[in-house]
$ cat upload-v2.cif   # mmCIF, C-alpha atoms (C1' of nucleotides)
data_target
loop_
_atom_site.label_atom_id
_atom_site.label_comp_id
_atom_site.auth_asym_id
_atom_site.auth_seq_id
_atom_site.Cartn_x
_atom_site.Cartn_y
_atom_site.Cartn_z
CA MET A 1 88.79 -22.33 62.32
CA THR A 2 89.28 -26.05 62.57
CA TRP A 3 92.82 -27.19 62.05
CA ASP A 4 95.40 -29.39 63.62
CA GLU A 5 99.02 -30.37 63.22
CA VAL A 6 100.15 -33.93 62.78
CA ASN A 7 103.88 -34.58 62.44
CA GLY A 8 104.54 -31.11 61.07
CA VAL A 9 101.66 -31.29 58.59
CA ILE A 10 98.78 -28.91 59.02
CA VAL A 11 95.41 -30.54 58.60
CA ILE A 12 92.50 -28.24 57.81
CA THR A 13 88.97 -29.50 58.12
CA LEU A 14 86.91 -27.99 55.32
CA PRO A 15 83.42 -26.56 55.66
CA ASP A 16 80.41 -28.55 54.45
CA ASP A 17 79.86 -26.57 51.26
CA PHE A 18 83.38 -26.90 49.93
CA ASP A 19 83.83 -28.79 46.69
CA LYS A 20 87.31 -29.90 45.77
CA ASP A 21 86.75 -30.06 42.01
CA ALA A 22 84.93 -26.74 41.85
CA ASN A 23 87.72 -24.90 43.62
CA LEU A 24 90.63 -26.64 41.91
CA GLY A 25 88.82 -26.20 38.62
CA TYR A 26 88.81 -22.47 39.17
CA LEU A 27 92.47 -22.37 40.16
CA THR A 28 93.65 -24.40 37.18
CA ARG A 29 91.66 -22.54 34.55
CA GLU A 30 94.44 -20.06 33.76
CA LYS A 31 97.72 -21.62 32.65
CA ASN A 32 99.66 -18.34 32.80
CA GLU A 33 98.98 -17.75 36.49
CA CYS A 34 102.31 -17.01 38.17
CA MET A 35 101.42 -16.87 41.86
CA TYR A 36 100.97 -20.62 42.34
CA ALA A 37 101.37 -23.93 40.57
CA ILE A 38 99.01 -26.90 40.64
CA GLU A 39 99.77 -30.49 39.86
CA ASN A 40 97.81 -33.58 40.85
CA ASP A 41 95.47 -31.64 43.13
CA VAL A 42 98.45 -30.18 44.98
CA ILE A 43 98.89 -26.41 45.08
CA THR A 44 102.44 -25.14 45.51
CA LYS A 45 102.81 -21.53 46.55
CA VAL A 46 104.87 -19.12 48.59
CA ILE A 47 102.76 -17.63 51.33
CA ALA A 48 104.41 -14.41 52.40
CA ILE A 49 103.31 -12.70 55.57
CA GLY A 50 105.57 -9.76 56.17
CA GLU A 51 109.06 -11.14 56.48
CA ILE A 52 107.87 -14.70 56.86
CA ARG A 53 108.01 -16.65 53.65
CA SER A 54 106.74 -20.16 53.62
CA LEU A 55 106.81 -22.36 50.58
CA VAL A 56 103.85 -24.64 51.08
CA GLN A 57 102.12 -27.47 49.33
CA ILE A 58 98.41 -27.55 49.87
CA ASN A 59 97.05 -30.98 49.16
CA VAL A 60 93.30 -30.94 48.71
CA MET A 61 92.54 -34.49 49.80
CA ASN A 62 88.77 -34.45 49.23
CA ASN A 63 85.78 -32.24 50.02
CA LYS A 64 86.54 -32.54 53.73
CA GLN A 65 90.24 -32.03 54.23
CA MET A 66 93.32 -30.12 53.13
CA ASN A 67 96.86 -31.02 54.18
CA VAL A 68 99.50 -28.32 54.21
CA HIS A 69 103.20 -29.25 54.02
CA PHE A 70 106.07 -26.83 54.42
CA LEU A 71 108.89 -27.24 51.89
CA ASN A 72 112.54 -26.15 52.02
CA ASP A 73 112.60 -26.01 55.82
CA SER A 74 110.19 -23.09 55.57
CA ARG A 75 108.04 -24.31 58.45
CA PRO A 76 108.10 -21.50 60.99
CA ILE A 77 109.19 -22.59 64.45
CA GLU A 78 106.78 -20.27 66.21
CA LYS A 79 103.23 -21.43 66.35
CA TRP A 80 101.77 -17.96 65.73
CA LYS A 81 103.60 -17.78 62.42
CA ARG A 82 102.16 -21.08 61.31
CA GLU A 83 98.81 -19.77 62.45
CA GLU A 84 99.28 -16.82 60.06
CA VAL A 85 99.85 -19.22 57.19
CA VAL A 86 96.68 -21.07 58.10
CA ASN A 87 94.88 -17.72 58.29
CA TYR A 88 96.03 -16.91 54.79
CA ILE A 89 94.62 -20.18 53.48
CA TYR A 90 91.32 -19.53 55.26
CA GLU A 91 91.17 -16.08 53.67
CA TRP A 92 92.16 -17.40 50.27
CA PHE A 93 89.37 -19.99 50.19
CA ASP A 94 86.89 -18.10 52.36
CA LEU A 95 86.76 -21.10 54.67
CA ASN A 96 85.03 -19.31 57.54
CA ASN A 97 82.02 -18.47 55.43
CA ASP A 98 78.81 -20.46 55.58
CA LEU A 99 77.32 -20.53 52.08
CA THR A 100 74.07 -22.26 52.99
CA SER A 101 71.85 -19.26 52.45
CA PHE A 102 73.59 -18.38 49.19
CA PHE A 103 72.80 -21.77 47.69
CA GLU A 104 69.30 -21.61 49.14
CA MET A 105 68.75 -18.30 47.35
CA ALA A 106 70.48 -19.44 44.16
CA LYS A 107 68.21 -22.47 43.80
CA THR A 108 65.32 -20.30 42.72
CA ASP A 109 67.23 -17.48 41.05
CA PRO A 110 66.88 -17.47 37.27
CA LEU A 111 70.48 -16.38 36.71
CA LEU A 112 72.24 -18.27 39.49
CA LYS A 113 70.39 -21.56 39.31
CA MET A 114 72.59 -23.07 36.61
CA PRO A 115 76.00 -21.80 37.82
CA ALA A 116 75.23 -22.67 41.44
CA GLN A 117 74.52 -26.25 40.41
CA LYS A 118 77.41 -26.56 38.03
CA PHE A 119 79.98 -25.02 40.38
CA TYR A 120 78.42 -25.98 43.70
CA GLY A 121 80.94 -25.63 46.49
CA LEU A 122 83.13 -23.05 44.73
CA ARG A 123 84.23 -20.31 47.09
CA VAL A 124 85.07 -16.76 46.08
CA ILE A 125 88.79 -17.32 45.75
CA GLY A 126 90.39 -14.33 47.45
CA ILE A 127 93.50 -12.24 47.01
CA PRO A 128 94.35 -11.77 50.68
CA ASP A 129 97.25 -9.38 50.10
CA LEU A 130 95.90 -5.84 49.62
CA PHE A 131 98.72 -4.57 47.41
CA GLU A 132 98.46 -7.63 45.17
CA ALA A 133 94.69 -7.23 44.91
CA LEU A 134 94.92 -3.51 44.07
CA CYS A 135 97.63 -4.12 41.48
CA TRP A 136 95.65 -6.92 39.89
CA GLY A 137 92.60 -4.67 39.75
CA VAL A 138 94.47 -1.79 38.14
CA LEU A 139 96.44 -4.08 35.86
CA GLY A 140 93.27 -5.74 34.63
CA GLN A 141 91.50 -2.51 33.71
CA GLN A 142 90.59 -2.18 30.05
CA ILE A 143 92.38 -5.27 28.79
CA ASN A 144 91.50 -8.89 28.17
CA LEU A 145 92.37 -11.47 30.79
CA SER A 146 95.15 -13.17 28.88
CA PHE A 147 97.00 -9.91 28.43
CA ALA A 148 96.34 -9.08 32.08
CA TYR A 149 97.92 -12.36 33.21
CA SER A 150 100.88 -11.72 30.94
CA LEU A 151 101.35 -8.24 32.41
CA LYS A 152 101.14 -9.61 35.93
CA ARG A 153 103.73 -12.26 35.18
CA GLN A 154 106.14 -9.70 33.74
CA PHE A 155 105.63 -7.40 36.71
CA VAL A 156 106.12 -10.21 39.23
CA GLU A 157 109.16 -11.68 37.48
CA LYS A 158 110.80 -8.27 37.26
CA TYR A 159 110.15 -6.97 40.77
CA GLY A 160 109.10 -9.95 42.85
CA ASP A 161 111.29 -12.40 44.73
CA SER A 162 111.26 -16.09 44.15
CA VAL A 163 111.91 -19.23 46.09
CA GLU A 164 113.31 -22.19 44.26
CA TRP A 165 112.29 -25.77 44.80
CA ASN A 166 112.95 -28.80 42.62
CA GLY A 167 114.31 -26.56 39.89
CA LYS A 168 111.15 -24.44 39.73
CA LYS A 169 110.68 -20.87 40.87
CA TYR A 170 107.78 -19.84 43.06
CA TRP A 171 107.10 -16.15 43.14
CA VAL A 172 106.42 -13.64 45.85
CA PHE A 173 104.40 -10.63 44.73
CA PRO A 174 106.47 -7.41 44.64
CA SER A 175 106.30 -5.44 47.88
CA TYR A 176 104.76 -1.99 48.01
CA GLU A 177 107.94 -0.74 49.71
CA GLN A 178 109.92 -1.63 46.63
CA ILE A 179 107.40 -0.44 44.05
CA ALA A 180 107.09 2.88 45.89
CA GLN A 181 110.71 3.58 44.90
CA LEU A 182 110.05 3.26 41.17
CA THR A 183 109.22 5.85 38.53
CA PRO A 184 106.73 5.12 35.72
CA THR A 185 109.52 4.72 33.19
CA ASP A 186 110.81 1.73 35.15
CA LEU A 187 107.64 -0.10 34.19
CA ALA A 188 107.56 1.01 30.57
CA ASP A 189 109.38 -2.04 29.21
CA ILE A 190 106.79 -4.48 30.50
CA LYS A 191 104.09 -2.98 28.28
CA MET A 192 102.36 -1.29 31.18
CA THR A 193 100.81 2.02 30.19
CA VAL A 194 102.25 5.12 31.80
CA LYS A 195 98.96 5.78 33.55
CA LYS A 196 98.76 2.31 35.05
CA SER A 197 102.36 2.63 36.20
CA GLU A 198 101.53 5.91 37.89
CA TYR A 199 98.49 4.39 39.58
CA ILE A 200 100.39 1.38 40.90
CA ILE A 201 103.30 3.46 42.15
CA GLY A 202 100.85 5.90 43.75
CA ILE A 203 99.10 3.06 45.56
CA ALA A 204 102.46 1.66 46.68
CA ASN A 205 103.34 5.08 48.12
CA LEU A 206 100.08 5.33 50.02
CA MET A 207 100.70 1.92 51.55
CA ALA A 208 104.34 2.69 52.33
CA ASP A 209 103.22 5.87 54.10
CA GLY A 210 100.71 3.92 56.16
CA ALA A 211 97.83 5.88 54.62
CA LEU A 212 96.28 2.72 53.20
CA SER A 213 96.15 -0.74 54.69
CA ARG A 214 93.99 -3.81 54.79
CA GLU A 215 93.41 -3.37 58.52
CA GLN A 216 92.13 0.18 58.10
CA LEU A 217 89.69 -0.83 55.38
CA MET A 218 88.54 -3.93 57.27
CA ASN A 219 87.52 -1.77 60.21
CA MET A 220 85.27 0.40 58.06
CA SER A 221 81.73 -0.12 56.90
CA PHE A 222 81.34 -1.25 53.30
CA LYS A 223 80.37 2.24 52.12
CA ASP A 224 83.24 3.95 53.95
CA ALA A 225 85.79 1.46 52.64
CA GLU A 226 84.44 1.98 49.12
CA LYS A 227 84.66 5.75 49.54
CA SER A 228 88.26 5.66 50.70
CA LEU A 229 89.25 3.45 47.80
CA LEU A 230 87.49 5.71 45.30
CA LYS A 231 89.53 8.66 46.50
CA ILE A 232 92.68 6.97 45.23
CA ARG A 233 93.84 7.91 41.75
CA GLY A 234 93.37 5.03 39.36
CA ILE A 235 90.65 3.37 41.39
CA GLY A 236 87.14 3.77 40.06
CA PRO A 237 83.92 1.95 41.00
CA TRP A 238 84.91 -1.24 39.21
CA THR A 239 88.34 -1.62 40.83
CA ALA A 240 87.07 -0.55 44.25
CA ASN A 241 84.34 -3.16 44.27
CA TYR A 242 86.60 -5.79 42.80
CA VAL A 243 89.07 -5.31 45.64
CA LEU A 244 86.33 -5.08 48.28
CA MET A 245 85.10 -8.40 47.00
CA ARG A 246 88.34 -10.34 46.53
CA CYS A 247 90.53 -8.94 49.27
CA LEU A 248 88.34 -7.44 51.96
CA ARG A 249 85.52 -9.92 51.51
CA PHE A 250 82.63 -7.54 51.75
CA GLN A 251 79.83 -9.74 50.48
CA THR A 252 77.87 -6.75 49.22
CA ALA A 253 80.72 -5.67 46.95
CA PHE A 254 79.37 -5.62 43.43
CA PRO A 255 81.30 -4.51 40.33
CA ILE A 256 78.04 -3.92 38.49
CA ASP A 257 79.59 -2.40 35.35
CA ASP A 258 81.84 -5.39 34.78
CA VAL A 259 81.77 -6.59 31.20
CA GLY A 260 82.08 -10.22 32.27
CA LEU A 261 79.00 -9.89 34.43
CA ILE A 262 77.13 -8.26 31.57
CA ASN A 263 78.16 -10.95 29.10
CA SER A 264 77.33 -13.74 31.50
CA ILE A 265 73.82 -12.39 32.02
CA LYS A 266 73.41 -11.97 28.27
CA LEU A 267 74.46 -15.58 27.75
CA ILE A 268 72.33 -17.15 30.48
CA ARG A 269 69.21 -15.23 29.46
CA ASN A 270 69.94 -15.91 25.81
CA MET A 271 69.64 -12.22 24.96
CA ASP A 272 70.58 -10.76 21.60
CA ARG A 273 71.75 -7.53 23.26
CA LYS A 274 73.57 -6.61 26.43
CA PRO A 275 71.45 -6.06 29.53
CA THR A 276 71.26 -2.45 30.67
CA LYS A 277 72.46 -1.34 34.06
CA ASP A 278 68.87 -0.86 35.21
CA GLU A 279 68.03 -4.41 34.19
CA ILE A 280 71.03 -5.74 36.13
CA VAL A 281 69.99 -3.74 39.19
CA GLU A 282 66.57 -5.35 38.92
CA LEU A 283 67.92 -8.87 38.35
CA SER A 284 70.31 -8.58 41.28
CA CYS A 285 67.63 -7.72 43.86
CA PRO A 286 67.36 -11.32 45.14
CA TRP A 287 71.11 -11.45 45.71
CA LYS A 288 71.03 -9.10 48.71
CA ASN A 289 74.17 -9.60 50.79
CA TRP A 290 75.46 -12.21 48.37
CA GLU A 291 76.31 -9.88 45.47
CA SER A 292 79.97 -10.84 45.40
CA TYR A 293 79.24 -14.57 45.37
CA ALA A 294 76.64 -14.08 42.66
CA THR A 295 79.13 -12.13 40.55
CA PHE A 296 81.87 -14.69 41.03
CA TYR A 297 79.63 -17.58 40.00
CA LEU A 298 78.42 -15.68 36.93
CA TRP A 299 81.99 -14.92 35.93
CA ARG A 300 82.81 -18.60 36.25
CA VAL A 301 80.24 -19.42 33.58
CA LEU A 302 82.39 -17.51 31.09
CA TYR A 303 85.83 -18.34 32.39
"C1'" DA B 1 94.28 0.02 8.49
"C1'" DT B 2 90.24 1.05 10.85
"C1'" DC B 3 87.31 0.50 14.38
"C1'" DC B 4 85.98 -1.07 18.78
"C1'" DA B 5 86.64 -2.35 23.64
"C1'" DG B 6 86.65 -1.44 28.84
"C1'" DG B 7 88.08 0.94 32.38
"C1'" DA B 8 89.22 5.81 34.86
"C1'" DA B 9 89.94 10.86 34.82
"C1'" DA B 10 88.57 15.25 33.82
"C1'" DG B 11 85.47 18.59 32.56
"C1'" DG B 12 80.83 20.45 32.28
"C1'" DA B 13 76.02 21.38 33.68
"C1'" DT C 1 75.13 14.21 41.38
"C1'" DC C 2 75.10 12.88 36.75
"C1'" DC C 3 76.42 13.10 32.13
"C1'" DT C 4 79.99 13.48 28.21
"C1'" DT C 5 84.43 13.49 26.50
"C1'" DT C 6 89.12 12.09 26.51
"C1'" DC C 7 92.80 8.88 27.11
"C1'" DA C 8 96.03 4.77 25.63
"C1'" DT C 9 96.60 0.56 23.72
"C1'" DG C 10 95.55 -4.31 22.28
"C1'" DG C 11 92.63 -7.12 19.41
"C1'" DA C 12 89.40 -8.14 15.60
#
$ encode --input "upload-v2.cif" --output "structure tokens"
Amino acid sequence: MTWDEVNGVIVITLPDDFDKDANLGYLTREKNECMYAIENDVITKVIAIGEIRSLVQINVMNNKQMNVHFLNDSRPIEKWKREEVVNYIYEWFDLNNDLTSFFEMAKTDPLLKMPAQKFYGLRVIGIPDLFEALCWGVLGQQINLSFAYSLKRQFVEKYGDSVEWNGKKYWVFPSYEQIAQLTPTDLADIKMTVKKSEYIIGIANLMADGALSREQLMNMSFKDAEKSLLKIRGIGPWTANYVLMRCLRFQTAFPIDDVGLINSIKLIRNMDRKPTKDEIVELSCPWKNWESYATFYLWRVLY
DNA sequence: ATCCAGGAAAGGA
DNA sequence: TCCTTTCATGGA
């Protein structure tokens, strides 16, 4: 990690293969996103780490540097707390990752060649908070993205906290402690299906009991982490791999049945039918150890 | 109104 | 382990 503090502003030096427009382009693509706001290349967001809640503005200056300001006197006095905020930003943008070999591989890959050029410097944007990532995975099952974003917003606005600044609210994702107290009927009025409500409340209970945490999963091998996630009700192969990819940052995570992935491959290869699973397995051979990056770039072609 | 979609669970072999 | 069926609901 390369960062510094100048007059209360955190200055993060970005890795070589970071592209400002590619990453901001991804973040601004969904107007109904409720977990951050972006205006003039400045991201405003509450970064919550346990009890610590910092309302920050992340100013992406160029491809080399990000400046992080704390708003509302939310700058933690203790250095280790500020360090946690910086950690979050590193996780969010995958700043510790060296993408050189991904782009090297993508140059000659029939599927990745175009997206890797078009979106060069895009990182797999993470969801560092495990509960948020799991909820987003479960929420997004079976429905289109716009409905998924609407569901997330309703869920967050009903059970999350917010911090106000300049007349605007910035949301904190609901805590698993709080959601663990709910019953499925509590979630009925936000158009969440009973099953999804049960899944989310079940996950919240596991986390509240200490039976499931980011730390535990991070200390496992990819296969073991996948297995423990699959044991949880409501989490199938798609959700497990989605979370392994976006929260735990296992690069080999690969939601191979994802419809977006299928459609992207169909589009790039100009096929008149969907590729079969066997075909995708074959096509993904060159992606070894970069499956999650490959998937993310292919998704970006569609959305 | 009818059908399809895109995930997971449950049941069966 | 690997199918097939069922489920619930929004969108075309």
$ atom_distance --input "upload-v2.cif" --atom1 "atom CA of A:Ser54" --atom2 "atom CA of A:Lys158"
20.6 Å
$ residues_around --input "upload-v2.cif" --residues "B:DG12" --least-positions-apart "2" --cutoff "12 Å" --atoms "only C-alpha atoms (C1' of nucleotides)" --output "JSON, numbers by chain"
{"B": [10], "C": [2, 3, 4, 5]}
$ interface_residues --input "upload-v2.cif" --of "chain B" --to "chain A" --cutoff "9 Å" --atoms "all atoms listed in the file" --output "VMD selection string"
chain B and resid 5 to 9
$ axis_aligned_box --input "upload-v2.cif" --around "stretch 4-9 of chain B" --padding-each-side "4 Å" --output "JSON"
{"center_x": 88.0, "center_y": 4.3, "center_z": 26.8, "size_x": 12.0, "size_y": 21.2, "size_z": 24.1}
$ residues_around --input "upload-v2.cif" --residues "A:Trp299" --least-positions-apart "6" --cutoff "12 Å" --atoms "all atoms listed in the file" --output "list in words"
Tyr26, Leu111, Leu112, Pro115, Ala116, Phe119, Val124, Pro255, Ile256, Asp258, Val259, Gly260, Leu261, Ile262, Asn263, Ser264, Ile265, Lys266, Leu267, Ile268, Ser292 and Tyr293 of chain A
$ resolve_selection --input "upload-v2.cif" --expression "the PyMOL selection byres ((chain C) within 12 of (chain A))" --output "short mmCIF file (atom, residue, chain, number, x, y, z; two decimals) with C-alpha atoms (C1' of nucleotides), in the frame of the given file"
data_model
loop_
_atom_site.label_atom_id
_atom_site.label_comp_id
_atom_site.auth_asym_id
_atom_site.auth_seq_id
_atom_site.Cartn_x
_atom_site.Cartn_y
_atom_site.Cartn_z
"C1'" DC C 7 92.80 8.88 27.11
"C1'" DA C 8 96.03 4.77 25.63
"C1'" DT C 9 96.60 0.56 23.72
"C1'" DG C 10 95.55 -4.31 22.28
"C1'" DG C 11 92.63 -7.12 19.41
#
$ residues_near_point --input "upload-v2.cif" --point "(88.0, -33.8, 47.7)" --cutoff "7 Å" --atoms "only C-alpha atoms (C1' of nucleotides)" --output "tab-separated table (two decimals) with C-alpha atoms, in the coordinates of the input"
chain	number	residue	atom	x	y	z
A	19	ASP	CA	83.83	-28.79	46.69
A	20	LYS	CA	87.31	-29.90	45.77
A	21	ASP	CA	86.75	-30.06	42.01
A	60	VAL	CA	93.30	-30.94	48.71
A	61	MET	CA	92.54	-34.49	49.80
A	62	ASN	CA	88.77	-34.45	49.23
A	63	ASN	CA	85.78	-32.24	50.02
A	64	LYS	CA	86.54	-32.54	53.73
